[in-house]
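Notes to accompany the following structure.
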Amino acid sequence: MIQSDRPISAINDPAVRLREGAKRTVVWLMLLGVGLIMMYPLLWMFGTSVKTVDPQLIEQFGHDVTIFPTDHNILGNLFPEKWHWRNYLTIFDRVPFARYYLNSILIAAVATISNLVTCSLAAYAFARLQFKGRDALFICYLGTLMIPSTVTLIPTFILFSRIGLVDTYWAMMLPSMFSAYGTFMLRQFFLTLPRELEEAAVIDGCGLFRIYRSIVLPLSTSALATLAIFIFLGNWGGLLTPLVMVSSEQIKPLPLGLLSFTDEYTADWPLMMAASILSILPVIVVFLFGQRFLIAGIRLGAVKG
Amino acid sequence: MRQREALYAWLFLLPNLLGFMAFTLLPVLASLVLAFSAWDLFSAPRFVGLENFHDLIGLQARPEQAFASIGFVAIGMIVFAVGLFLYRRTRKQPEGEVVSRGWWPVLSIVLGLIGFGVLSVCVLNAYEPRTPRFWYYLYNTAFLMLGLPVSIIGSLFLACLLNRRLFARNFFRLIFFLPSVVTGVGIYILWSWIFNPNFGLLNMFIWQVFGIEGPRWLESTAWAKPALVLMNIWGTMGGMGMVLYLAALQSVNPELYEAADLDGASPWHRFWHIIWPLVYPTTFFIAIMGVIAGFQGGFDAAYVMTQGGPAGSTTTLNYFIYETGFNFFYMGRASAASWIMFLIVMAFTLAMWWHGNKKVH
């Protein structure tokens, strides 16, 4: 089942090598099977997004381009013969999709950048500086880690409606500009950094802010990247907060935009799939470029538990 | 110097602390106050004590009892006590080593559950819940976690397969991991299309392979929850669990396997006696994290795919809170429900810490 590090004497035995090879092939085929099954929904999504429900097009190109096939063959029906790429443009005509997109990017970007700043500053104070009440405050931060976001949602909504910020960008941005989790994670990372450099800098008369900016931050790029990816992914797809806080069309982020889209074009699955693919595209890009940090972050989180 | 440092520290903390106060600490306290009041946002809030909690999870005496229950209470308590006793005994092991525990803990847990079940039946025989719907929503929330064991076993299986030198290994890891990253409304729309009873991928597959018509999935009270469970398995199997298992397996000393090989251990034996005890802490961590996330989850999927229906069959705790608070404006009751959720989550988190600390000794 596991690694094939055999005793040295066995490596040259042809029977053992044959068995190893066969085992490896079987494992590889199993992985391929599972991988195909797990990818199939996403492939199906893509396949649907280039089909159409337009009766005229169906008449022109044959029944193959529709999402309502006559035979139940999930392999043969995956992609149409004639790919209808126009769906991806049509979305932008039907609803202010570009607007939703920009809103989402703005919200996720603001959350990511401000988290990096606020969390790293606070984490540096918690990790390195001495002040009264530090440990009590840190325990306070830790204690809030397990509070479900639903608990704070209702009072936050009431707060925003009292100060007249409901239905503005601020209602979505302000609560996501800092996180106890990010502070905790960076503090743990800062504690693992060697102190010698900072001590030398203090002796040279270097200010605390300069130490933070020129020594601590450059040494922590991987932890900062991990946090950035977590925060970005966490703020990209969330539905509940915008749903509660926002109703105007102009400031809706993607999740809400997709919902109003599905309300209008209920049976037009190709259009909905095209819109959905566009909505997860940034996630896939971030994932592909940042998977190393993402995986490192998951392992770090487990150590904490 | 000291004072300067403290001043700097507070300056560094300031931005984060302001946000922490305004959007975490203050709301939590406000929510606690709200949980004990009745408020519809428009009239003045009114203090009602424990009424919200009583309405949600309170019991009331049944008008008539179906059968006498003193004997059953006794039986339940005895079985529960025996289970507890056995469980405590199995924990007394020689210190330090990883001990294979055999079937005793399983038996003790089963006995404990049976005793607990008998006791609950006795209680339910004499009392009935004031708001059965709320219990039904709790049941829904728990039901949606049924995929957890499957996805944990799947994660371990995939990690075991991936834990060797293989062609395109990183590519496979990427593919398995992707479904857990792409979450959100877009993916839920995709799954409502997959679960479409007439032209969805799943029912077409069922027709093609088995030649029968599939269920109506999201449109049926019986199949809506299993459908969501299936979707959750897809979304979690290759995610955090697989990554953690892979890390755990890679940290195992290969000499252990060699020793087992030399002793002629079968793969099954090797799995049960080497791998399983070694990844046990990881399994525990993944399971608890899954349960914690499960109690807080289910809103997005339910809102996009089913609107909590049909007939409330996919309404989870989270969805109920949203509905109560923002559709019906029972702010107090919604806050009380969110505190019930918090208490459940806290219980599981504490269980994890407690267990983790015990492991260290």
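In the structure tokens, chains take letters A, B, ... by order of appearance, with residues numbered from 1 within each chain and ligands from 1 in the order shown.
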Exercise for review: For Gln56 in chain A, please output as a PyMOL selection string all residues within 12 Å (counting only C-alpha atoms; exclusion window: fewer than 6 positions along the same chain).
Suggested key: chain A and resi 62-63+65-66
Filtering to C-alpha atoms, could you give me those residues as a CSV table (one decimal), in the first residue's frame?
chain,number,residue,atom,x,y,z
A,62,GLY,CA,-28.2,20.0,-35.1
A,63,HIS,CA,-29.4,18.6,-31.8
A,65,VAL,CA,-25.4,21.6,-29.5
A,66,THR,CA,-28.2,21.6,-27.0
Review point. Quick one: which residues from chain B are at most 7 Å off chain A, using only C-alpha atoms, as a ChimeraX atom specification?
Key: /B:5-6,9,12-13,15-16,19,23-24,27-28,30-31,160-161,163-164,172,175-176,182-187,190,199,201,204-205,207-208,234,240,243-244,258,267,296,300,335,338-339,342,346
Practice item. Quick one: pick out all alpha helix (DSSP H) residues within range 240-287 of chain B from a backbone DSSP run and write them as a ChimeraX atom specification. Key: /B:240-250,254-262,267-270,276-287
Point to revise | Spatial neighbours of Leu156 in chain B, max dist 12 Å, only C-alpha atoms, sep filter under 3 positions, as an MDAnalysis selection string | key: (chainID A and resid 1:2) or (chainID B and resid 149:153 159:163 236:249 271 275:276 279:280 282:283 286)
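Rounded to one decimal, CA of Gly332 in chain B and CA of Ala38 in chain B lie 4.8 Å from each other.
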Exercise for review: Show which residues sit within 8 Å of Tyr169 in chain A, as a PyMOL selection string. Count only C-alpha atoms, and ignore same-chain residues fewer than 2 positions away.
Suggested key: chain A and resi 107+167+171-173+251
**Study point:** Contacts of Arg86 in chain A at 12 Å (only C-alpha atoms; same-chain gap of 5+ positions) as a ChimeraX atom specification
**Key:** /A:49-52,54,57,91-93,270-271,274-275
For the residues in that selection, give me N, CA and C atoms as a CSV table (one decimal), in the first residue's frame.
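out.csv, freshly written:
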chain,number,residue,atom,x,y,z
A,49,SER,N,-21.2,25.1,-20.8
A,49,SER,CA,-21.1,26.5,-21.0
A,49,SER,C,-20.9,26.8,-22.5
A,50,VAL,N,-20.5,25.8,-23.3
A,50,VAL,CA,-20.3,26.1,-24.8
A,50,VAL,C,-21.5,25.5,-25.6
A,51,LYS,N,-22.5,25.1,-24.9
A,51,LYS,CA,-23.7,24.6,-25.6
A,51,LYS,C,-24.7,25.8,-25.7
A,52,THR,N,-25.9,25.5,-26.1
A,52,THR,CA,-26.9,26.6,-26.2
A,52,THR,C,-28.3,26.0,-26.1
A,54,ASP,N,-30.8,28.0,-27.7
A,54,ASP,CA,-31.4,28.8,-28.7
A,54,ASP,C,-32.0,27.9,-29.8
A,57,LEU,N,-30.3,28.2,-33.3
A,57,LEU,CA,-29.0,27.6,-33.4
A,57,LEU,C,-29.1,26.1,-33.5
A,91,ILE,N,-23.2,37.1,-21.5
A,91,ILE,CA,-23.4,37.4,-20.1
A,91,ILE,C,-23.2,38.9,-19.8
A,92,PHE,N,-22.2,39.4,-20.4
A,92,PHE,CA,-21.8,40.8,-20.2
A,92,PHE,C,-22.9,41.8,-20.7
A,93,ASP,N,-23.6,41.3,-21.8
A,93,ASP,CA,-24.7,42.1,-22.3
A,93,ASP,C,-26.0,42.1,-21.4
A,270,PRO,N,-26.5,26.9,-20.1
A,270,PRO,CA,-25.2,27.3,-20.7
A,270,PRO,C,-24.8,28.6,-20.2
A,271,LEU,N,-25.7,29.6,-20.2
A,271,LEU,CA,-25.3,31.0,-19.8
A,271,LEU,C,-24.9,30.9,-18.3
A,274,ALA,N,-21.5,29.4,-18.0
A,274,ALA,CA,-20.4,30.3,-18.4
A,274,ALA,C,-20.1,31.4,-17.3
A,275,ALA,N,-21.2,31.9,-16.8
A,275,ALA,CA,-21.0,32.9,-15.7
A,275,ALA,C,-20.3,32.3,-14.5
Exercise for review: Considering only C-alpha atoms, return as JSON, numbers by chain whatever protein or nucleic-acid residues lie within 10 Å of Gly147 in chain B, sequence-local ones (same chain, fewer than 6 positions apart) excluded.
Suggested key: {"B": [226, 228, 229, 230, 231, 232, 233, 234, 236, 237, 290]}
Revision key, fill the gap. One residue among B:Ala35, B:Met21, B:Ala224, B:Leu138 is nearest to Asn318 in chain B when using only C-alpha atoms, and that residue is B:Leu138
Practice item. Would you kindly return, as number ranges by chain, each protein, DNA or RNA residue with an atom no farther than 8 Å from any atom of Ala108 in chain A, considering only C-alpha atoms and excluding same-chain residues fewer than 5 positions away? Key: A: 231-232, 235-236
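CA of Arg213 in chain A to CA of Leu191 in chain A spans 16.0 Å [interatomic distance, one decimal].
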Practice item. Just the strand (DSSP E) stuff from range 61-259 of chain B, please, per backbone DSSP, written as an NGL selection string. Key: :B and (61 or 127-129)
For all heavy atoms, I'd like the residues from the last selection saved as a PDB file, in the first residue's frame.
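Below you can see out_23.pdb, which holds the result:
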ATOM      1  N   ALA B  61     -44.081  19.113  29.000  1.00  0.00           N
ATOM      2  CA  ALA B  61     -44.587  17.797  29.374  1.00  0.00           C
ATOM      3  C   ALA B  61     -45.672  17.365  28.394  1.00  0.00           C
ATOM      4  O   ALA B  61     -46.490  18.153  27.956  1.00  0.00           O
ATOM      5  CB  ALA B  61     -45.156  17.841  30.789  1.00  0.00           C
ATOM      6  N   TYR B 127     -41.635  14.078  27.791  1.00  0.00           N
ATOM      7  CA  TYR B 127     -41.660  15.469  27.348  1.00  0.00           C
ATOM      8  C   TYR B 127     -41.581  15.543  25.836  1.00  0.00           C
ATOM      9  O   TYR B 127     -41.053  14.650  25.183  1.00  0.00           O
ATOM     10  CB  TYR B 127     -40.469  16.242  27.940  1.00  0.00           C
ATOM     11  CG  TYR B 127     -40.469  16.299  29.432  1.00  0.00           C
ATOM     12  CD1 TYR B 127     -39.785  15.349  30.181  1.00  0.00           C
ATOM     13  CD2 TYR B 127     -41.163  17.298  30.089  1.00  0.00           C
ATOM     14  CE1 TYR B 127     -39.785  15.390  31.559  1.00  0.00           C
ATOM     15  CE2 TYR B 127     -41.175  17.354  31.467  1.00  0.00           C
ATOM     16  CZ  TYR B 127     -40.485  16.396  32.202  1.00  0.00           C
ATOM     17  OH  TYR B 127     -40.502  16.462  33.546  1.00  0.00           O
ATOM     18  N   GLU B 128     -42.094  16.642  25.277  1.00  0.00           N
ATOM     19  CA  GLU B 128     -41.933  16.853  23.843  1.00  0.00           C
ATOM     20  C   GLU B 128     -41.315  18.221  23.621  1.00  0.00           C
ATOM     21  O   GLU B 128     -41.490  19.129  24.437  1.00  0.00           O
ATOM     22  CB  GLU B 128     -43.282  16.760  23.137  1.00  0.00           C
ATOM     23  CG  GLU B 128     -44.288  17.787  23.623  1.00  0.00           C
ATOM     24  CD  GLU B 128     -45.650  17.585  22.996  1.00  0.00           C
ATOM     25  OE1 GLU B 128     -45.776  16.685  22.165  1.00  0.00           O
ATOM     26  OE2 GLU B 128     -46.564  18.350  23.343  1.00  0.00           O
ATOM     27  N   PRO B 129     -40.559  18.375  22.520  1.00  0.00           N
ATOM     28  CA  PRO B 129     -39.955  19.680  22.254  1.00  0.00           C
ATOM     29  C   PRO B 129     -41.030  20.723  21.956  1.00  0.00           C
ATOM     30  O   PRO B 129     -42.051  20.408  21.352  1.00  0.00           O
ATOM     31  CB  PRO B 129     -39.070  19.432  21.030  1.00  0.00           C
ATOM     32  CG  PRO B 129     -39.508  18.147  20.468  1.00  0.00           C
ATOM     33  CD  PRO B 129     -40.153  17.364  21.545  1.00  0.00           C
TER      34      PRO B 129
END
